[in-house]
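Data first, discussion second: the structure below is written as structure tokens.
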Amino acid sequence: MKRLISCWLLLISLLSFSQTIDVDKTVRNPSAINNLPIAGIPYTNAKFVRLVSGSPFFNEQMMRGILISKDNTEYRNVIIRLNLLESQVNFLNNKQEELIVGSPLREVTLLDTVNQKNYHFIFSDHIESTDKVEKGIYQLLQKGKAGLYAYHKKVLKETRDYNSATYEQSIETYVTYYILLGGQWKKINKIKDLPSVLSDKKSEVQEYMKGLSGYKQADVESVINYYNSLFAEKK
């Protein structure tokens, strides 16, 4: 029963989050769309011409998105895609040229209008932790007392067949989950790590997790949502 309630809370939370972003509104800075901070260098995929599998991007397709710069300037209605291999954000300018955002960013939100989902990412420099956070871009999955993040690590591999002078490339993606709790940054190697990390509600979390043994995102999210709900109910 607790798990069913938590699933409903998670669904409501996700729906609420997706409804808070209005992509049709203008940016806070009226001239921001035409004055994105760029490196001035068009993006080229020349380095990936031998790529036979995988992708450096979170999603190959360009999506409408929102960028928030280091100084909190917000840019809306930008067509972007997220290069997780190189921690870069690519965007289309008014001439439909693909460029790389050159100035430091704080956050990126991808708006998947086809699947009605939003994907929220935060750059490691802006994760408020007293612990060291590996450089990269982290997907924020859950907010609350415990924040849940996913790190999509992209690894480029090159292989060459025997007696061949040509290399083939492949990009593999490894997803790891992290929890930000009380300023501490904790890596979750397996779902069984959660009760010890969420130690102030260890017994409740252990009871809730009965039957869970995998490392699926939906299961990890469900546990964190349940944990956060224990504090929300006290309000």
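Naming works like this for the structure tokens: A, B, ... for the chains as they're shown, residue 1 at the start of each chain, ligands 1 onward in shown order.
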Polymer residues at most 7 Å from range 59-74 of chain A, only C-alpha atoms, same-chain spacing of 4 or more positions, as a JSON list (two decimals) with C-alpha atoms, in the first residue's frame:
```
[["chain", "number", "residue", "atom", "x", "y", "z"],
["A", 27, "VAL", "CA", 12.98, 35.02, -21.99],
["A", 28, "ARG", "CA", 13.68, 37.19, -18.96],
["A", 78, "VAL", "CA", 16.20, 27.59, -27.79],
["A", 79, "ILE", "CA", 16.61, 24.52, -29.99],
["A", 80, "ILE", "CA", 19.31, 22.41, -28.34],
["A", 81, "ARG", "CA", 20.83, 19.01, -27.78],
["A", 104, "PRO", "CA", 29.49, 28.56, -18.57],
["A", 105, "LEU", "CA", 25.97, 27.32, -17.89],
["A", 106, "ARG", "CA", 24.24, 26.46, -14.65],
["A", 107, "GLU", "CA", 21.26, 24.41, -15.83],
["A", 108, "VAL", "CA", 19.68, 22.97, -18.96],
["A", 109, "THR", "CA", 16.14, 21.71, -19.46],
["A", 110, "LEU", "CA", 15.18, 19.64, -22.50],
["A", 111, "LEU", "CA", 11.49, 19.74, -23.40],
["A", 112, "ASP", "CA", 10.42, 16.54, -25.11]]
```
From the DSSP assignment of the backbone, select every residue of range 1-232 of chain A that is alpha helix (DSSP H), and format the answer as a PyMOL selection string. chain A and resi 2-19+194-197+202-208+217-232
Residues at most 10 Å from range 128-130 of chain A, counting only C-alpha atoms, excluding those fewer than 6 positions away in the same chain, as a PyMOL selection string? chain A and resi 180-186
Export of the given selection (all heavy atoms) as a PDB file, in the first residue's frame:
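Listed below is the output, out.pdb:
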```pdb
ATOM      1  N   LEU A 180      21.936  13.674  -3.024  1.00  0.00           N
ATOM      2  CA  LEU A 180      22.405  14.857  -2.304  1.00  0.00           C
ATOM      3  C   LEU A 180      21.525  15.023  -1.079  1.00  0.00           C
ATOM      4  O   LEU A 180      20.334  15.299  -1.183  1.00  0.00           O
ATOM      5  CB  LEU A 180      22.319  16.101  -3.200  1.00  0.00           C
ATOM      6  CG  LEU A 180      22.809  17.408  -2.580  1.00  0.00           C
ATOM      7  CD1 LEU A 180      24.302  17.336  -2.255  1.00  0.00           C
ATOM      8  CD2 LEU A 180      22.529  18.587  -3.517  1.00  0.00           C
ATOM      9  N   LEU A 181      22.128  14.819   0.095  1.00  0.00           N
ATOM     10  CA  LEU A 181      21.366  14.845   1.344  1.00  0.00           C
ATOM     11  C   LEU A 181      22.173  15.572   2.412  1.00  0.00           C
ATOM     12  O   LEU A 181      23.280  15.150   2.759  1.00  0.00           O
ATOM     13  CB  LEU A 181      21.048  13.415   1.796  1.00  0.00           C
ATOM     14  CG  LEU A 181      20.265  13.257   3.105  1.00  0.00           C
ATOM     15  CD1 LEU A 181      18.895  13.909   2.999  1.00  0.00           C
ATOM     16  CD2 LEU A 181      20.108  11.773   3.449  1.00  0.00           C
ATOM     17  N   GLY A 182      21.630  16.683   2.901  1.00  0.00           N
ATOM     18  CA  GLY A 182      22.321  17.447   3.927  1.00  0.00           C
ATOM     19  C   GLY A 182      23.676  17.959   3.467  1.00  0.00           C
ATOM     20  O   GLY A 182      24.615  18.059   4.271  1.00  0.00           O
ATOM     21  N   GLY A 183      23.780  18.265   2.172  1.00  0.00           N
ATOM     22  CA  GLY A 183      25.031  18.760   1.624  1.00  0.00           C
ATOM     23  C   GLY A 183      26.032  17.674   1.269  1.00  0.00           C
ATOM     24  O   GLY A 183      27.085  17.956   0.692  1.00  0.00           O
ATOM     25  N   GLN A 184      25.712  16.429   1.595  1.00  0.00           N
ATOM     26  CA  GLN A 184      26.619  15.321   1.294  1.00  0.00           C
ATOM     27  C   GLN A 184      26.221  14.649  -0.018  1.00  0.00           C
ATOM     28  O   GLN A 184      25.036  14.463  -0.308  1.00  0.00           O
ATOM     29  CB  GLN A 184      26.620  14.304   2.439  1.00  0.00           C
ATOM     30  CG  GLN A 184      27.207  14.848   3.734  1.00  0.00           C
ATOM     31  CD  GLN A 184      27.319  13.774   4.794  1.00  0.00           C
ATOM     32  OE1 GLN A 184      26.393  13.013   5.022  1.00  0.00           O
ATOM     33  NE2 GLN A 184      28.467  13.708   5.456  1.00  0.00           N
ATOM     34  N   TRP A 185      27.226  14.278  -0.791  1.00  0.00           N
ATOM     35  CA  TRP A 185      27.048  13.705  -2.127  1.00  0.00           C
ATOM     36  C   TRP A 185      27.394  12.222  -2.048  1.00  0.00           C
ATOM     37  O   TRP A 185      28.536  11.840  -1.816  1.00  0.00           O
ATOM     38  CB  TRP A 185      27.977  14.427  -3.091  1.00  0.00           C
ATOM     39  CG  TRP A 185      27.885  14.074  -4.535  1.00  0.00           C
ATOM     40  CD1 TRP A 185      28.834  13.430  -5.282  1.00  0.00           C
ATOM     41  CD2 TRP A 185      26.814  14.378  -5.440  1.00  0.00           C
ATOM     42  NE1 TRP A 185      28.425  13.313  -6.583  1.00  0.00           N
ATOM     43  CE2 TRP A 185      27.189  13.892  -6.707  1.00  0.00           C
ATOM     44  CE3 TRP A 185      25.580  15.000  -5.291  1.00  0.00           C
ATOM     45  CZ2 TRP A 185      26.364  14.017  -7.835  1.00  0.00           C
ATOM     46  CZ3 TRP A 185      24.762  15.141  -6.403  1.00  0.00           C
ATOM     47  CH2 TRP A 185      25.149  14.644  -7.643  1.00  0.00           C
ATOM     48  N   LYS A 186      26.371  11.370  -2.211  1.00  0.00           N
ATOM     49  CA  LYS A 186      26.560   9.937  -2.021  1.00  0.00           C
ATOM     50  C   LYS A 186      26.273   9.165  -3.312  1.00  0.00           C
ATOM     51  O   LYS A 186      25.219   9.328  -3.919  1.00  0.00           O
ATOM     52  CB  LYS A 186      25.630   9.428  -0.915  1.00  0.00           C
ATOM     53  CG  LYS A 186      25.868  10.071   0.453  1.00  0.00           C
ATOM     54  CD  LYS A 186      27.216   9.686   1.032  1.00  0.00           C
ATOM     55  CE  LYS A 186      27.405  10.235   2.442  1.00  0.00           C
ATOM     56  NZ  LYS A 186      28.727   9.877   3.003  1.00  0.00           N
TER      57      LYS A 186
END
```
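Going from CA of Lys190 in chain A over to CA of Leu141 in chain A, you cover 16.8 Å.
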Find, counting only C-alpha atoms, the residue in A:Leu230, A:Leu82, A:Leu156, A:Ile191 that gets nearest to Gln169 in chain A. A:Leu156
DSSP strand (DSSP E) selection over range 22-182 of chain A, as JSON, numbers by chain: {"A": [38, 39, 40, 41, 42, 51, 52, 53, 63, 64, 65, 66, 67, 68, 69, 74, 75, 76, 77, 78, 79, 80, 81, 82, 83, 88, 89, 90, 91, 92, 98, 99, 100, 101, 105, 106, 107, 108, 109, 110, 111, 112, 117, 118, 119, 120, 121, 122, 123, 137, 138, 139, 140, 141, 142, 146, 147, 148, 149, 150, 151, 152, 153, 154, 155, 156, 157, 158, 159, 160, 167, 168, 169, 170, 171, 172, 173, 174, 175, 176, 177, 178, 179, 180, 181]}
Could you write those residues out with C-alpha atoms, as a PDB file, in the first residue's frame?
```pdb
ATOM      1  CA  ILE A  38      28.657  31.183 -27.984  1.00  0.00           C
ATOM      2  CA  ALA A  39      32.205  30.119 -28.706  1.00  0.00           C
ATOM      3  CA  GLY A  40      31.834  31.243 -32.326  1.00  0.00           C
ATOM      4  CA  ILE A  41      32.792  27.783 -33.582  1.00  0.00           C
ATOM      5  CA  PRO A  42      30.205  25.722 -35.462  1.00  0.00           C
ATOM      6  CA  LEU A  51      31.018   5.932 -35.066  1.00  0.00           C
ATOM      7  CA  VAL A  52      29.121   2.658 -35.575  1.00  0.00           C
ATOM      8  CA  SER A  53      27.124   2.514 -32.330  1.00  0.00           C
ATOM      9  CA  MET A  63      14.664  19.678 -28.764  1.00  0.00           C
ATOM     10  CA  ARG A  64      13.250  22.953 -27.562  1.00  0.00           C
ATOM     11  CA  GLY A  65      14.903  23.856 -24.304  1.00  0.00           C
ATOM     12  CA  ILE A  66      15.741  26.337 -21.570  1.00  0.00           C
ATOM     13  CA  LEU A  67      19.268  27.417 -20.676  1.00  0.00           C
ATOM     14  CA  ILE A  68      20.271  29.134 -17.447  1.00  0.00           C
ATOM     15  CA  SER A  69      23.676  30.794 -17.455  1.00  0.00           C
ATOM     16  CA  GLU A  74      17.455  32.521 -18.616  1.00  0.00           C
ATOM     17  CA  TYR A  75      17.157  31.699 -22.312  1.00  0.00           C
ATOM     18  CA  ARG A  76      13.907  30.086 -23.478  1.00  0.00           C
ATOM     19  CA  ASN A  77      12.696  28.610 -26.763  1.00  0.00           C
ATOM     20  CA  VAL A  78      16.205  27.591 -27.788  1.00  0.00           C
ATOM     21  CA  ILE A  79      16.613  24.520 -29.994  1.00  0.00           C
ATOM     22  CA  ILE A  80      19.311  22.410 -28.338  1.00  0.00           C
ATOM     23  CA  ARG A  81      20.834  19.007 -27.776  1.00  0.00           C
ATOM     24  CA  LEU A  82      23.093  17.901 -24.958  1.00  0.00           C
ATOM     25  CA  ASN A  83      26.534  16.430 -25.647  1.00  0.00           C
ATOM     26  CA  GLN A  88      28.687  20.690 -24.137  1.00  0.00           C
ATOM     27  CA  VAL A  89      25.360  22.181 -25.171  1.00  0.00           C
ATOM     28  CA  ASN A  90      24.726  22.619 -28.890  1.00  0.00           C
ATOM     29  CA  PHE A  91      22.076  24.970 -30.255  1.00  0.00           C
ATOM     30  CA  LEU A  92      20.688  26.221 -33.557  1.00  0.00           C
ATOM     31  CA  GLU A  98      24.574  24.192 -35.075  1.00  0.00           C
ATOM     32  CA  LEU A  99      26.861  25.959 -32.620  1.00  0.00           C
ATOM     33  CA  ILE A 100      28.341  25.229 -29.203  1.00  0.00           C
ATOM     34  CA  VAL A 101      27.396  27.375 -26.200  1.00  0.00           C
ATOM     35  CA  LEU A 105      25.969  27.323 -17.891  1.00  0.00           C
ATOM     36  CA  ARG A 106      24.238  26.459 -14.650  1.00  0.00           C
ATOM     37  CA  GLU A 107      21.260  24.409 -15.827  1.00  0.00           C
ATOM     38  CA  VAL A 108      19.681  22.967 -18.965  1.00  0.00           C
ATOM     39  CA  THR A 109      16.139  21.706 -19.455  1.00  0.00           C
ATOM     40  CA  LEU A 110      15.179  19.641 -22.496  1.00  0.00           C
ATOM     41  CA  LEU A 111      11.489  19.741 -23.397  1.00  0.00           C
ATOM     42  CA  ASP A 112      10.424  16.539 -25.114  1.00  0.00           C
ATOM     43  CA  LYS A 117       8.566  14.817 -20.686  1.00  0.00           C
ATOM     44  CA  ASN A 118      11.065  17.328 -19.359  1.00  0.00           C
ATOM     45  CA  TYR A 119      14.702  16.484 -18.632  1.00  0.00           C
ATOM     46  CA  HIS A 120      16.453  18.779 -16.168  1.00  0.00           C
ATOM     47  CA  PHE A 121      20.268  18.857 -15.989  1.00  0.00           C
ATOM     48  CA  ILE A 122      22.643  20.683 -13.656  1.00  0.00           C
ATOM     49  CA  PHE A 123      26.360  21.285 -14.225  1.00  0.00           C
ATOM     50  CA  ILE A 137      26.385  17.266 -16.286  1.00  0.00           C
ATOM     51  CA  TYR A 138      23.927  15.534 -13.954  1.00  0.00           C
ATOM     52  CA  GLN A 139      20.251  14.846 -14.554  1.00  0.00           C
ATOM     53  CA  LEU A 140      18.078  15.935 -11.635  1.00  0.00           C
ATOM     54  CA  LEU A 141      15.452  13.224 -11.102  1.00  0.00           C
ATOM     55  CA  GLN A 142      13.994  14.114  -7.713  1.00  0.00           C
ATOM     56  CA  ALA A 146      17.007  13.976  -0.628  1.00  0.00           C
ATOM     57  CA  GLY A 147      17.845  15.033  -4.174  1.00  0.00           C
ATOM     58  CA  LEU A 148      18.325  12.238  -6.700  1.00  0.00           C
ATOM     59  CA  TYR A 149      20.668  12.654  -9.668  1.00  0.00           C
ATOM     60  CA  ALA A 150      21.675  10.454 -12.586  1.00  0.00           C
ATOM     61  CA  TYR A 151      25.082  10.654 -14.221  1.00  0.00           C
ATOM     62  CA  HIS A 152      25.107   9.383 -17.811  1.00  0.00           C
ATOM     63  CA  LYS A 153      28.786   8.624 -18.306  1.00  0.00           C
ATOM     64  CA  LYS A 154      29.709   8.366 -21.988  1.00  0.00           C
ATOM     65  CA  VAL A 155      32.793   6.334 -22.922  1.00  0.00           C
ATOM     66  CA  LEU A 156      34.272   6.468 -26.429  1.00  0.00           C
ATOM     67  CA  LYS A 157      35.965   3.257 -27.553  1.00  0.00           C
ATOM     68  CA  GLU A 158      37.957   2.563 -30.695  1.00  0.00           C
ATOM     69  CA  THR A 159      38.546  -0.904 -32.127  1.00  0.00           C
ATOM     70  CA  ARG A 160      40.339  -2.179 -35.195  1.00  0.00           C
ATOM     71  CA  TYR A 167      39.352   2.103 -36.570  1.00  0.00           C
ATOM     72  CA  GLU A 168      35.700   1.856 -35.661  1.00  0.00           C
ATOM     73  CA  GLN A 169      34.228   3.899 -32.833  1.00  0.00           C
ATOM     74  CA  SER A 170      31.516   3.078 -30.353  1.00  0.00           C
ATOM     75  CA  ILE A 171      30.105   5.063 -27.445  1.00  0.00           C
ATOM     76  CA  GLU A 172      28.800   3.238 -24.401  1.00  0.00           C
ATOM     77  CA  THR A 173      26.634   4.817 -21.713  1.00  0.00           C
ATOM     78  CA  TYR A 174      26.844   3.906 -18.052  1.00  0.00           C
ATOM     79  CA  VAL A 175      24.261   5.379 -15.676  1.00  0.00           C
ATOM     80  CA  THR A 176      25.092   5.929 -12.003  1.00  0.00           C
ATOM     81  CA  TYR A 177      22.795   7.433  -9.369  1.00  0.00           C
ATOM     82  CA  TYR A 178      23.745   9.922  -6.675  1.00  0.00           C
ATOM     83  CA  ILE A 179      21.905  11.350  -3.674  1.00  0.00           C
ATOM     84  CA  LEU A 180      22.405  14.857  -2.304  1.00  0.00           C
ATOM     85  CA  LEU A 181      21.366  14.845   1.344  1.00  0.00           C
TER      86      LEU A 181
END
```
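Picture a line from CA of Tyr226 in chain A to CA of Ser203 in chain A; it runs 12.7 Å.
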